[in-house]
Structures are given as structure tokens and as C-alpha cells.
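Coordinates as given in data_24.cif (mmCIF, C-alpha atoms):
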data_input
#
loop_
_atom_site.group_PDB
_atom_site.id
_atom_site.type_symbol
_atom_site.label_atom_id
_atom_site.label_comp_id
_atom_site.auth_asym_id
_atom_site.auth_seq_id
_atom_site.Cartn_x
_atom_site.Cartn_y
_atom_site.Cartn_z
ATOM 1 C CA MET A 1 115.589 119.606 11.252
ATOM 2 C CA ILE A 2 117.055 122.273 8.935
ATOM 3 C CA PRO A 3 115.728 122.089 5.368
ATOM 4 C CA PRO A 4 118.421 121.495 2.707
ATOM 5 C CA TRP A 5 117.692 124.719 0.923
ATOM 6 C CA MET A 6 118.618 126.699 4.054
ATOM 7 C CA LYS A 7 122.056 125.022 4.139
ATOM 8 C CA VAL A 8 122.924 126.206 0.653
ATOM 9 C CA MET A 9 125.002 129.381 0.818
ATOM 10 C CA ASP A 10 123.998 132.097 -1.561
ATOM 11 C CA GLU A 11 127.206 132.955 -3.409
ATOM 12 C CA ALA A 12 125.740 136.259 -4.457
ATOM 13 C CA ALA A 13 125.522 137.232 -0.807
ATOM 14 C CA ASP A 14 129.201 138.158 -0.747
ATOM 15 C CA SER A 15 129.261 139.750 -4.180
ATOM 16 C CA THR A 16 129.387 143.442 -4.790
ATOM 17 C CA PRO A 17 125.790 143.767 -6.130
ATOM 18 C CA SER A 18 124.473 142.034 -2.991
ATOM 19 C CA ARG A 19 126.466 144.336 -0.760
ATOM 20 C CA ARG A 20 125.053 147.229 -2.679
ATOM 21 C CA ARG A 21 121.552 145.887 -2.177
ATOM 22 C CA LYS A 22 122.295 145.502 1.517
ATOM 23 C CA GLY A 23 123.585 149.069 1.650
ATOM 24 C CA SER A 24 120.521 150.220 -0.218
ATOM 25 C CA SER A 25 118.278 148.400 2.242
ATOM 26 C CA ALA A 26 120.179 149.934 5.147
ATOM 27 C CA PHE A 27 119.786 153.325 3.513
ATOM 28 C CA VAL A 28 116.020 152.831 3.207
ATOM 29 C CA LYS A 29 115.850 151.774 6.859
ATOM 30 C CA LYS A 30 117.892 154.758 8.002
ATOM 31 C CA THR A 31 115.759 157.083 5.901
ATOM 32 C CA LEU A 32 112.525 155.743 7.362
ATOM 33 C CA ASP A 33 113.937 155.858 10.889
ATOM 34 C CA GLY A 34 115.156 159.409 10.347
ATOM 35 C CA ILE A 35 111.800 160.624 9.024
ATOM 36 C CA LEU A 36 109.952 158.894 11.850
ATOM 37 C CA ALA A 37 112.355 160.316 14.439
ATOM 38 C CA PHE A 38 111.740 163.804 13.029
ATOM 39 C CA PHE A 39 107.971 163.463 13.377
ATOM 40 C CA GLN A 40 108.317 161.911 16.830
ATOM 41 C CA GLU A 41 110.485 164.845 17.851
ATOM 42 C CA ALA A 42 107.789 167.191 16.554
ATOM 43 C CA MET A 43 105.266 165.327 18.693
ATOM 44 C CA MET A 44 107.498 165.525 21.773
ATOM 45 C CA ASN A 45 107.855 169.267 21.264
ATOM 46 C CA GLU A 46 104.427 169.560 22.861
ATOM 47 C CA GLY A 47 106.412 169.469 26.099
ATOM 48 C CA TYR A 48 107.861 172.903 25.332
ATOM 49 C CA ALA A 49 104.353 174.323 25.037
ATOM 50 C CA LYS A 50 103.596 173.132 28.577
ATOM 51 C CA ARG A 51 106.572 174.863 30.172
ATOM 52 C CA ASP A 52 106.184 177.910 32.353
ATOM 53 C CA GLY A 53 107.705 180.444 29.980
ATOM 54 C CA LEU A 54 106.994 183.909 28.648
ATOM 55 C CA LEU A 55 105.216 183.033 25.399
ATOM 56 C CA GLN A 56 103.525 179.948 26.840
ATOM 57 C CA GLY A 57 101.526 182.215 29.122
ATOM 58 C CA LEU A 58 100.098 184.270 26.245
ATOM 59 C CA ASP A 59 96.838 183.621 24.460
ATOM 60 C CA ALA A 60 97.230 181.552 21.288
ATOM 61 C CA ARG A 61 95.381 184.121 19.169
ATOM 62 C CA ALA A 62 97.605 186.924 20.415
ATOM 63 C CA LYS A 63 100.732 184.925 19.572
ATOM 64 C CA LEU A 64 99.425 183.975 16.144
ATOM 65 C CA ILE A 65 98.599 187.561 15.174
ATOM 66 C CA SER A 66 101.874 188.846 16.594
ATOM 67 C CA ILE A 67 104.075 186.291 14.839
ATOM 68 C CA LEU A 68 102.289 186.631 11.493
ATOM 69 C CA THR A 69 102.679 190.419 11.474
ATOM 70 C CA LEU A 70 106.329 190.065 12.481
ATOM 71 C CA VAL A 71 106.979 187.564 9.666
ATOM 72 C CA PHE A 72 105.368 189.946 7.158
ATOM 73 C CA ALA A 73 107.514 192.841 8.363
ATOM 74 C CA VAL A 74 110.678 190.710 8.252
ATOM 75 C CA SER A 75 109.911 189.505 4.726
ATOM 76 C CA ILE A 76 110.009 193.061 3.351
ATOM 77 C CA SER A 77 112.887 194.337 5.475
ATOM 78 C CA ARG A 78 116.052 195.331 3.579
ATOM 79 C CA ASP A 79 118.370 196.305 6.438
ATOM 80 C CA LEU A 80 120.867 193.731 7.727
ATOM 81 C CA ALA A 81 121.337 195.479 11.060
ATOM 82 C CA VAL A 82 117.590 195.596 11.703
ATOM 83 C CA LEU A 83 117.189 191.911 10.810
ATOM 84 C CA ALA A 84 120.073 191.006 13.117
ATOM 85 C CA VAL A 85 118.398 192.892 15.984
ATOM 86 C CA VAL A 86 115.065 191.164 15.331
ATOM 87 C CA TYR A 87 116.779 187.764 15.193
ATOM 88 C CA GLY A 88 118.493 188.503 18.502
ATOM 89 C CA LEU A 89 115.107 189.492 19.954
ATOM 90 C CA ILE A 90 113.629 186.154 18.836
ATOM 91 C CA LEU A 91 116.490 184.293 20.517
ATOM 92 C CA LEU A 92 115.827 186.294 23.689
ATOM 93 C CA LEU A 93 112.133 185.372 23.550
ATOM 94 C CA ALA A 94 113.088 181.717 23.092
ATOM 95 C CA PHE A 95 115.348 181.897 26.138
ATOM 96 C CA MET A 96 112.621 183.572 28.210
ATOM 97 C CA SER A 97 110.221 180.852 27.032
ATOM 98 C CA ARG A 98 112.516 178.219 28.578
ATOM 99 C CA ILE A 99 113.666 176.799 25.244
ATOM 100 C CA GLU A 100 117.274 175.694 24.945
ATOM 101 C CA ILE A 101 119.057 178.140 22.632
ATOM 102 C CA ALA A 102 121.318 175.459 21.112
ATOM 103 C CA PHE A 103 118.306 173.284 20.279
ATOM 104 C CA PHE A 104 116.400 176.253 18.883
ATOM 105 C CA ILE A 105 119.272 177.423 16.640
ATOM 106 C CA LYS A 106 119.981 173.900 15.394
ATOM 107 C CA ARG A 107 116.315 173.310 14.590
ATOM 108 C CA VAL A 108 116.238 176.422 12.389
ATOM 109 C CA TRP A 109 119.664 176.394 10.745
ATOM 110 C CA LEU A 110 119.512 172.740 9.715
ATOM 111 C CA PHE A 111 116.786 173.689 7.218
ATOM 112 C CA VAL A 112 117.687 177.268 6.256
ATOM 113 C CA PRO A 113 120.815 176.364 4.197
ATOM 114 C CA LEU A 114 118.919 173.580 2.428
ATOM 115 C CA PHE A 115 116.137 175.787 1.050
ATOM 116 C CA ALA A 116 117.776 179.201 0.958
ATOM 117 C CA GLY A 117 121.069 177.913 -0.460
ATOM 118 C CA VAL A 118 119.494 176.793 -3.729
ATOM 119 C CA ILE A 119 118.334 180.353 -4.380
ATOM 120 C CA VAL A 120 121.279 182.160 -2.834
ATOM 121 C CA VAL A 121 124.234 180.425 -4.514
ATOM 122 C CA PRO A 122 123.598 181.697 -8.083
ATOM 123 C CA ILE A 123 123.180 185.260 -6.801
ATOM 124 C CA LEU A 124 126.748 185.289 -5.490
ATOM 125 C CA PHE A 125 128.434 185.147 -8.905
ATOM 126 C CA ASN A 126 128.742 187.831 -11.555
ATOM 127 C CA VAL A 127 127.310 185.407 -14.105
ATOM 128 C CA PHE A 128 123.814 186.173 -12.793
ATOM 129 C CA LEU A 129 124.253 189.475 -10.950
ATOM 130 C CA PRO A 130 126.916 191.949 -12.138
ATOM 131 C CA GLY A 131 128.806 193.803 -9.453
ATOM 132 C CA ASP A 132 132.125 194.689 -7.896
ATOM 133 C CA PRO A 133 134.601 191.781 -7.517
ATOM 134 C CA LEU A 134 134.972 190.341 -4.020
ATOM 135 C CA ILE A 135 136.531 186.870 -4.460
ATOM 136 C CA HIS A 136 138.078 185.789 -7.757
ATOM 137 C CA ILE A 137 137.076 182.291 -8.901
ATOM 138 C CA ALA A 138 138.374 181.625 -12.443
ATOM 139 C CA ASP A 139 139.444 183.230 -15.741
ATOM 140 C CA LEU A 140 137.531 181.978 -18.769
ATOM 141 C CA GLY A 141 138.859 184.325 -21.416
ATOM 142 C CA ASP A 142 137.040 186.149 -24.153
ATOM 143 C CA GLY A 143 134.184 184.385 -25.950
ATOM 144 C CA ALA A 144 133.395 181.790 -23.259
ATOM 145 C CA THR A 145 129.915 180.316 -23.596
ATOM 146 C CA LEU A 146 127.692 177.795 -21.871
ATOM 147 C CA GLY A 147 125.342 176.557 -24.550
ATOM 148 C CA PRO A 148 123.493 179.599 -25.881
ATOM 149 C CA PHE A 149 124.612 181.771 -22.931
ATOM 150 C CA HIS A 150 127.675 184.021 -23.051
ATOM 151 C CA LEU A 151 129.884 183.962 -19.959
ATOM 152 C CA PRO A 152 132.044 186.816 -18.661
ATOM 153 C CA GLU A 153 135.819 186.730 -19.089
ATOM 154 C CA ALA A 154 136.298 186.165 -15.330
ATOM 155 C CA ILE A 155 134.022 184.595 -12.771
ATOM 156 C CA TYR A 156 134.039 186.028 -9.273
ATOM 157 C CA ILE A 157 131.808 186.568 -6.257
ATOM 158 C CA THR A 158 130.461 190.091 -6.227
ATOM 159 C CA VAL A 159 130.056 192.437 -3.293
ATOM 160 C CA GLN A 160 126.446 193.088 -4.238
ATOM 161 C CA GLY A 161 125.763 189.357 -4.577
ATOM 162 C CA ALA A 162 127.245 188.602 -1.157
ATOM 163 C CA LYS A 163 125.135 191.336 0.452
ATOM 164 C CA THR A 164 121.977 190.123 -1.291
ATOM 165 C CA ALA A 165 122.657 186.497 -0.298
ATOM 166 C CA THR A 166 123.336 187.457 3.314
ATOM 167 C CA LEU A 167 120.191 189.590 3.449
ATOM 168 C CA PHE A 168 118.044 186.821 1.988
ATOM 169 C CA THR A 169 119.477 184.126 4.275
ATOM 170 C CA LEU A 170 119.073 186.241 7.400
ATOM 171 C CA ARG A 171 115.551 187.196 6.366
ATOM 172 C CA VAL A 172 114.590 183.533 5.905
ATOM 173 C CA ALA A 173 116.280 182.524 9.165
ATOM 174 C CA THR A 174 114.496 185.244 11.129
ATOM 175 C CA ALA A 175 111.072 184.439 9.669
ATOM 176 C CA VAL A 176 111.526 180.685 10.176
ATOM 177 C CA SER A 177 112.749 181.254 13.740
ATOM 178 C CA ALA A 178 109.622 183.260 14.546
ATOM 179 C CA VAL A 179 107.353 180.534 13.144
ATOM 180 C CA VAL A 180 109.262 177.778 14.968
ATOM 181 C CA LEU A 181 108.971 179.756 18.186
ATOM 182 C CA LEU A 182 105.209 179.965 17.669
ATOM 183 C CA PHE A 183 104.905 176.201 17.128
ATOM 184 C CA LEU A 184 107.133 175.330 20.088
ATOM 185 C CA THR A 185 105.222 177.497 22.552
ATOM 186 C CA THR A 186 101.666 176.743 21.396
ATOM 187 C CA PRO A 187 99.828 173.391 21.625
ATOM 188 C CA GLN A 188 98.757 172.227 18.186
ATOM 189 C CA ALA A 189 95.065 172.024 19.116
ATOM 190 C CA LEU A 190 95.058 175.639 20.306
ATOM 191 C CA LEU A 191 96.971 176.743 17.240
ATOM 192 C CA PHE A 192 94.434 175.190 14.876
ATOM 193 C CA LYS A 193 91.559 176.637 16.887
ATOM 194 C CA SER A 194 93.205 180.061 16.717
ATOM 195 C CA LEU A 195 93.278 179.810 12.928
ATOM 196 C CA ARG A 196 89.515 179.256 12.950
ATOM 197 C CA SER A 197 88.982 182.230 15.259
ATOM 198 C CA LEU A 198 90.859 184.415 12.747
ATOM 199 C CA GLY A 199 88.504 183.420 9.933
ATOM 200 C CA VAL A 200 90.482 180.660 8.199
ATOM 201 C CA PRO A 201 87.958 178.309 6.492
ATOM 202 C CA LYS A 202 87.263 175.254 8.612
ATOM 203 C CA VAL A 203 87.945 172.851 5.746
ATOM 204 C CA TYR A 204 91.599 173.971 5.649
ATOM 205 C CA VAL A 205 91.970 173.873 9.416
ATOM 206 C CA LEU A 206 90.328 170.453 9.680
ATOM 207 C CA THR A 207 92.408 169.014 6.839
ATOM 208 C CA THR A 208 95.643 170.308 8.339
ATOM 209 C CA SER A 209 94.849 169.110 11.845
ATOM 210 C CA MET A 210 93.835 165.631 10.666
ATOM 211 C CA ALA A 211 96.935 165.354 8.477
ATOM 212 C CA TYR A 212 99.159 166.382 11.383
ATOM 213 C CA ARG A 213 97.457 163.879 13.666
ATOM 214 C CA TYR A 214 97.488 160.834 11.387
ATOM 215 C CA ILE A 215 100.843 161.297 9.702
ATOM 216 C CA PHE A 216 102.469 159.740 12.766
ATOM 217 C CA LEU A 217 100.200 156.702 12.514
ATOM 218 C CA PHE A 218 101.007 156.145 8.859
ATOM 219 C CA MET A 219 104.739 156.571 9.477
ATOM 220 C CA ASP A 220 104.520 153.826 12.100
ATOM 221 C CA MET A 221 102.672 151.612 9.629
ATOM 222 C CA ILE A 222 105.307 152.171 6.933
ATOM 223 C CA ARG A 223 108.120 151.312 9.318
ATOM 224 C CA ASP A 224 106.263 148.186 10.481
ATOM 225 C CA LEU A 225 105.846 147.064 6.862
ATOM 226 C CA HIS A 226 109.552 147.494 6.218
ATOM 227 C CA ILE A 227 110.533 145.663 9.417
ATOM 228 C CA ALA A 228 108.138 142.813 8.586
ATOM 229 C CA LYS A 229 109.688 142.447 5.136
ATOM 230 C CA ARG A 230 113.239 142.404 6.506
ATOM 231 C CA SER A 231 112.361 139.855 9.185
ATOM 232 C CA ARG A 232 110.949 137.470 6.543
ATOM 233 C CA SER A 233 113.715 137.888 3.967
ATOM 234 C CA ILE A 234 116.270 135.068 3.611
ATOM 235 C CA LYS A 235 118.243 136.643 0.793
ATOM 236 C CA GLY A 236 118.236 139.897 -1.094
ATOM 237 C CA LEU A 237 115.808 140.478 -3.962
ATOM 238 C CA SER A 238 116.627 141.904 -7.339
ATOM 239 C CA VAL A 239 116.226 145.610 -7.970
ATOM 240 C CA LEU A 240 113.103 144.978 -10.043
ATOM 241 C CA ASP A 241 111.526 142.886 -7.282
ATOM 242 C CA GLU A 242 112.386 145.549 -4.704
ATOM 243 C CA GLN A 243 110.755 148.191 -6.885
ATOM 244 C CA ARG A 244 107.679 146.020 -7.271
ATOM 245 C CA TRP A 245 107.481 145.597 -3.503
ATOM 246 C CA VAL A 246 107.749 149.336 -2.920
ATOM 247 C CA GLY A 247 105.104 150.020 -5.562
ATOM 248 C CA GLY A 248 102.795 147.463 -3.985
ATOM 249 C CA ARG A 249 103.229 148.995 -0.540
ATOM 250 C CA ILE A 250 102.510 152.466 -1.929
ATOM 251 C CA GLY A 251 99.248 151.170 -3.367
ATOM 252 C CA TYR A 252 98.453 149.386 -0.116
ATOM 253 C CA MET A 253 99.036 152.566 1.921
ATOM 254 C CA LEU A 254 96.804 154.529 -0.447
ATOM 255 C CA VAL A 255 93.957 152.018 -0.046
ATOM 256 C CA LYS A 256 94.595 151.853 3.712
ATOM 257 C CA SER A 257 94.481 155.641 4.080
ATOM 258 C CA LEU A 258 91.220 155.892 2.125
ATOM 259 C CA ASP A 259 89.651 153.122 4.181
ATOM 260 C CA LEU A 260 90.833 154.660 7.444
ATOM 261 C CA SER A 261 89.599 158.115 6.465
ATOM 262 C CA GLU A 262 86.118 156.730 5.789
ATOM 263 C CA LYS A 263 86.031 154.899 9.126
ATOM 264 C CA VAL A 264 87.312 157.913 11.054
ATOM 265 C CA HIS A 265 84.778 160.213 9.384
ATOM 266 C CA MET A 266 81.911 157.817 10.135
ATOM 267 C CA ALA A 267 83.056 157.546 13.743
ATOM 268 C CA MET A 268 83.214 161.342 14.062
ATOM 269 C CA VAL A 269 79.770 161.832 12.496
ATOM 270 C CA SER A 270 78.260 159.179 14.771
ATOM 271 C CA ARG A 271 79.552 161.198 17.746
ATOM 272 C CA GLY A 272 77.949 164.446 16.598
ATOM 273 C CA PHE A 273 80.693 165.979 14.450
ATOM 274 C CA ASN A 274 79.379 168.832 12.278
ATOM 275 C CA GLY A 275 82.572 170.038 10.627
ATOM 276 C CA GLU A 276 83.747 172.290 13.460
ATOM 277 C CA VAL A 277 86.713 171.337 15.628
ATOM 278 C CA VAL A 278 85.821 171.629 19.315
ATOM 279 C CA ILE A 279 88.370 171.401 22.135
ATOM 280 C CA LEU A 280 87.993 171.752 25.883
ATOM 281 C CA HIS A 281 89.642 175.148 26.131
ATOM 282 C CA ASP A 282 88.158 178.617 26.489
ATOM 283 C CA TYR A 283 90.041 181.720 25.409
ATOM 284 C CA HIS A 284 90.601 184.438 27.970
ATOM 285 C CA LEU A 285 92.428 187.546 26.784
ATOM 286 C CA ARG A 286 94.252 189.273 29.607
ATOM 287 C CA MET A 287 96.110 192.541 29.868
ATOM 288 C CA ARG A 288 99.475 190.923 29.097
ATOM 289 C CA ASP A 289 98.019 189.499 25.865
ATOM 290 C CA TYR A 290 96.970 192.962 24.734
ATOM 291 C CA LEU A 291 100.344 194.419 25.720
ATOM 292 C CA ALA A 292 102.282 191.685 23.924
ATOM 293 C CA THR A 293 100.178 192.064 20.774
ATOM 294 C CA ALA A 294 100.601 195.836 20.851
ATOM 295 C CA ALA A 295 104.376 195.441 21.262
ATOM 296 C CA PHE A 296 104.653 193.048 18.309
ATOM 297 C CA LEU A 297 102.417 195.210 16.128
ATOM 298 C CA SER A 298 104.505 198.286 16.983
ATOM 299 C CA LEU A 299 107.716 196.421 16.150
ATOM 300 C CA SER A 300 106.264 195.195 12.863
ATOM 301 C CA LEU A 301 105.076 198.694 11.966
ATOM 302 C CA ALA A 302 108.514 200.123 12.735
ATOM 303 C CA LEU A 303 110.180 197.479 10.537
ATOM 304 C CA THR A 304 107.788 198.285 7.700
ATOM 305 C CA LEU A 305 108.429 202.026 7.965
ATOM 306 C CA ILE A 306 112.194 201.434 8.036
ATOM 307 C CA SER A 307 111.931 199.212 4.946
ATOM 308 C CA PHE A 308 110.203 201.987 2.993
ATOM 309 C CA ASP A 309 112.637 204.638 4.318
ATOM 310 C CA TYR A 310 109.996 206.488 6.321
ATOM 311 C CA ILE A 311 112.276 206.026 9.336
ATOM 312 C CA ARG A 312 116.050 206.315 9.009
ATOM 313 C CA ILE A 313 118.455 204.736 11.476
#
Entire entry expressed as C-alpha cells:
Amino acid sequence: MIPPWMKVMDEAADSTPSRRRKGSSAFVKKTLDGILAFFQEAMMNEGYAKRDGLLQGLDARAKLISILTLVFAVSISRDLAVLAVVYGLILLLAFMSRIEIAFFIKRVWLFVPLFAGVIVVPILFNVFLPGDPLIHIADLGDGATLGPFHLPEAIYITVQGAKTATLFTLRVATAVSAVVLLFLTTPQALLFKSLRSLGVPKVYVLTTSMAYRYIFLFMDMIRDLHIAKRSRSIKGLSVLDEQRWVGGRIGYMLVKSLDLSEKVHMAMVSRGFNGEVVILHDYHLRMRDYLATAAFLSLSLALTLISFDYIRI
């Protein structure tokens, strides 16, 4: 028999605030699902590291050294043509490593505008960087100010600003593409072990590897908490109650993570863990690893010499 209170229709359910709460709840759900899908996609990318491609066949240490030197050389490069060639070379390496080019480009360029755009946009205008006019934006007249700052009579995009913004964006895209290529073609366990072999302190490597491993578990727990709440909710809560629930779950996840970390550490120590990550893989440097490392180091050296005008092209 249905209780009387369940037969009473909540008039606020059809009101605008309730619809907003429903939209807000849907937004939270979509956000959690999107974050979880991103991490699950990162986990599934281990499949790319198992493909029979060019970079997959190289030693993890050789790839790590090669990519790091290339990223350093790209970060100081000041020639657009050189950066474009290097970016094209990275796309070629991705293709030869059996990675879909469309997927690879999308994975990089979805994040480059987000981070680089915040820095690049102000550089475009003559308000921050004087230069020759390229695209006229607006006329402000003489004596225009923005608080204590004096503005120019006309605002426009400068030629120098456009070149600087393009150089910065391409530099970021090339460096990020190289790092993404390293992660896609190298199993995470081998990558972390390679960091240790290069002298990175084990506390940093262990912390990073454990965080990467357990972040998926905690994301699943957060989504389960949200689904459990939605499945037990008859009507929407007030904004204050929703905030209290979120705050309570944050505290619960903090206590849960501390408790889990203690249990995991005790389990690892009981099995002989001494602070060093050990995996069932032995490194074997072959001739192609030496050749690939030499090629990347030569390319990085050439980029560095070009950046300091020791080599002119």
C-alpha cells in the first residue's frame, strides 16, 4: 500500500527553482561522468603501448631521455618554421607508432587552447604589447583609462603580438604532443621505473605511481556516492542542504583515503616492501635504442643551436 505522503505532489517540483536544482544535479552528474570517462580513457590508453609500433619497440629509458631533451629544445626555440617541422615529425612518429592521427591531434588541441589561451590573448593587443597594427578593434579616443591604467587611443591586434602568440601556442602544442606521445607508447609501470633509473627520488616516483593507480578507485567511489544519493532522493533538497551533503562527502572521502592509505601501506610492508618499486621487467638496451637516442639528442642540439643563432637556416 502506498503511504499517503508519497501521493502528495510536491508543487515546487514544477517551479523554476526546482528545475534549476534538477539542472544543477544533472550538471554535477555530467561533470562526474566526464571526469571519470577521462580517467578511464587514460587507463584504456595502455592498449596503445602494447601495439607493434615504432616507439613501442624502444626502451623506456631511451624514450624518456629523448622526449625530455626534445621538450627542452622546443621550449627555447624561437623559429616558427622549425617548430612546425618538429611538430610534423611528432605526428609522423605517432603515425609510425600506430596511433590514430585524428585521436592524437584531438587529445592535444583540446587542452592547448585552454591553458595557452589565457596567456596568449592579452599579448595580441597593443594595450599590453606595442606594435604595428594588424586588425583594428576599437577607437577609445584621447585620455581613455581603465582604473589607474591609461589606455591607447585605438585598440588593435599587433603584428608582433600575433607572431608571439602563434609562436607560444605552437611551442606549447609541440611540447605537449611529445609528452603525450611518450605516455601513449610507454606502459605506466615502465615509465615510473625509468624515472627511478634516471635518479629521480623514489618518494616522488612512488607517490606519483600510487596516485595514478588509486585515483581511478576514488573516482568510482565518488560516482557511486552520487548515484546512491540520487536513487534515494524523493524530492530535491535546498541549496544549503546540497552544500552540506557535498561537504560531508568531501570529509568522508578524506577519512576514507587516509584509512585506505594506511591499509595499503601495511599490506605492502607485510609483503616485503622496502620503498622501492619492483616490476617484472628487465631493461635491455639494443642498437636501435642507442640510434634513436642519438637521433633525438642530435635534433635537440640542432634546435638549441638554431635558437641561439649558432646555425642559420
Selected by the PyMOL selection byres ((chain A and resi 284-293) around 12) in the shown coordinates: which residues, as a ChimeraX atom specification? /A:54-70,93,281-283,294-300
Applied to this file, what does the PyMOL selection byres ((chain A and resi 306) around 12) return in terms of residues, put as an mmCIF file with C-alpha atoms, in the frame of the given file?
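Printed below is part_17.cif as written:
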data_model
loop_
_atom_site.group_PDB
_atom_site.id
_atom_site.type_symbol
_atom_site.label_atom_id
_atom_site.label_comp_id
_atom_site.auth_asym_id
_atom_site.auth_seq_id
_atom_site.Cartn_x
_atom_site.Cartn_y
_atom_site.Cartn_z
ATOM 1 C CA ALA A 73 107.514 192.841 8.363
ATOM 2 C CA VAL A 74 110.678 190.710 8.252
ATOM 3 C CA ILE A 76 110.009 193.061 3.351
ATOM 4 C CA SER A 77 112.887 194.337 5.475
ATOM 5 C CA ARG A 78 116.052 195.331 3.579
ATOM 6 C CA ASP A 79 118.370 196.305 6.438
ATOM 7 C CA LEU A 80 120.867 193.731 7.727
ATOM 8 C CA ALA A 81 121.337 195.479 11.060
ATOM 9 C CA VAL A 82 117.590 195.596 11.703
ATOM 10 C CA LEU A 83 117.189 191.911 10.810
ATOM 11 C CA LEU A 299 107.716 196.421 16.150
ATOM 12 C CA SER A 300 106.264 195.195 12.863
ATOM 13 C CA LEU A 301 105.076 198.694 11.966
ATOM 14 C CA ALA A 302 108.514 200.123 12.735
ATOM 15 C CA LEU A 303 110.180 197.479 10.537
ATOM 16 C CA THR A 304 107.788 198.285 7.700
ATOM 17 C CA LEU A 305 108.429 202.026 7.965
ATOM 18 C CA SER A 307 111.931 199.212 4.946
ATOM 19 C CA PHE A 308 110.203 201.987 2.993
ATOM 20 C CA ASP A 309 112.637 204.638 4.318
ATOM 21 C CA TYR A 310 109.996 206.488 6.321
ATOM 22 C CA ILE A 311 112.276 206.026 9.336
ATOM 23 C CA ARG A 312 116.050 206.315 9.009
ATOM 24 C CA ILE A 313 118.455 204.736 11.476
#
Run the PyMOL selection byres ((chain A and resi 176-181) around 10) against the file shown and list the residues it catches, as an mmCIF file with C-alpha atoms, in the coordinates of the input.
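After the write, expr.cif holds the following:
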data_model
loop_
_atom_site.group_PDB
_atom_site.id
_atom_site.type_symbol
_atom_site.label_atom_id
_atom_site.label_comp_id
_atom_site.auth_asym_id
_atom_site.auth_seq_id
_atom_site.Cartn_x
_atom_site.Cartn_y
_atom_site.Cartn_z
ATOM 1 C CA TYR A 48 107.861 172.903 25.332
ATOM 2 C CA ALA A 49 104.353 174.323 25.037
ATOM 3 C CA LEU A 55 105.216 183.033 25.399
ATOM 4 C CA LYS A 63 100.732 184.925 19.572
ATOM 5 C CA LEU A 64 99.425 183.975 16.144
ATOM 6 C CA SER A 66 101.874 188.846 16.594
ATOM 7 C CA ILE A 67 104.075 186.291 14.839
ATOM 8 C CA LEU A 68 102.289 186.631 11.493
ATOM 9 C CA LEU A 70 106.329 190.065 12.481
ATOM 10 C CA VAL A 71 106.979 187.564 9.666
ATOM 11 C CA VAL A 74 110.678 190.710 8.252
ATOM 12 C CA VAL A 86 115.065 191.164 15.331
ATOM 13 C CA TYR A 87 116.779 187.764 15.193
ATOM 14 C CA LEU A 89 115.107 189.492 19.954
ATOM 15 C CA ILE A 90 113.629 186.154 18.836
ATOM 16 C CA LEU A 91 116.490 184.293 20.517
ATOM 17 C CA LEU A 93 112.133 185.372 23.550
ATOM 18 C CA ALA A 94 113.088 181.717 23.092
ATOM 19 C CA SER A 97 110.221 180.852 27.032
ATOM 20 C CA ILE A 99 113.666 176.799 25.244
ATOM 21 C CA PHE A 104 116.400 176.253 18.883
ATOM 22 C CA ILE A 105 119.272 177.423 16.640
ATOM 23 C CA ARG A 107 116.315 173.310 14.590
ATOM 24 C CA VAL A 108 116.238 176.422 12.389
ATOM 25 C CA TRP A 109 119.664 176.394 10.745
ATOM 26 C CA PHE A 111 116.786 173.689 7.218
ATOM 27 C CA VAL A 112 117.687 177.268 6.256
ATOM 28 C CA LEU A 170 119.073 186.241 7.400
ATOM 29 C CA ARG A 171 115.551 187.196 6.366
ATOM 30 C CA VAL A 172 114.590 183.533 5.905
ATOM 31 C CA ALA A 173 116.280 182.524 9.165
ATOM 32 C CA THR A 174 114.496 185.244 11.129
ATOM 33 C CA ALA A 175 111.072 184.439 9.669
ATOM 34 C CA LEU A 182 105.209 179.965 17.669
ATOM 35 C CA PHE A 183 104.905 176.201 17.128
ATOM 36 C CA LEU A 184 107.133 175.330 20.088
ATOM 37 C CA THR A 185 105.222 177.497 22.552
ATOM 38 C CA THR A 186 101.666 176.743 21.396
#
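If you measure from each of A:Ile155, A:Val264, A:Leu198, A:Ala189 to A:Gly141 using only C-alpha atoms, the closest one turns out to be A:Ile155.
Here atom CA of A:Leu92 and atom CA of A:Gly53 stand 11.8 Å from one another.
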Given all atoms listed in the file as the counted atoms, nearest of A:Arg196, A:Lys263, A:Lys256, A:Arg244 to A:Phe218: A:Lys256
Contacts of stretch 159-218 of chain A with stretch 269-274 of chain A up to 12 Å, shortest pair per row, only C-alpha atoms, as a tab-separated table:
residue	atom	partner	partner_atom	distance
A:Lys202	CA	A:Asn274	CA	10.8
A:Val203	CA	A:Asn274	CA	11.5
A:Leu206	CA	A:Asn274	CA	11.4
Atom-to-atom span, atom CA of A:Leu240 and atom CA of A:Met221, Å: 23.2 Å
Closest-contact table, stretch 130-193 of chain A side, partner stretch 120-123 of chain A, 8 Å, counting all atoms listed in the file, as a tab-separated table:
residue	atom	partner	partner_atom	distance
A:Gly161	CA	A:Ile123	CA	5.3
A:Ala162	CA	A:Ile123	CA	7.7
A:Thr164	CA	A:Ile123	CA	7.4
A:Ala165	CA	A:Val120	CA	5.2
A:Phe168	CA	A:Val120	CA	7.4
A:Thr169	CA	A:Val120	CA	7.6
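Closest approach to A:Asp224 from the set A:Pro130, A:Val118, A:Ser209, A:Arg249 is made by A:Arg249, with distances taken over only C-alpha atoms.
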Two-atom distance - atom CA of A:Pro152, atom CA of A:Asp139 (Å): 8.7 Å
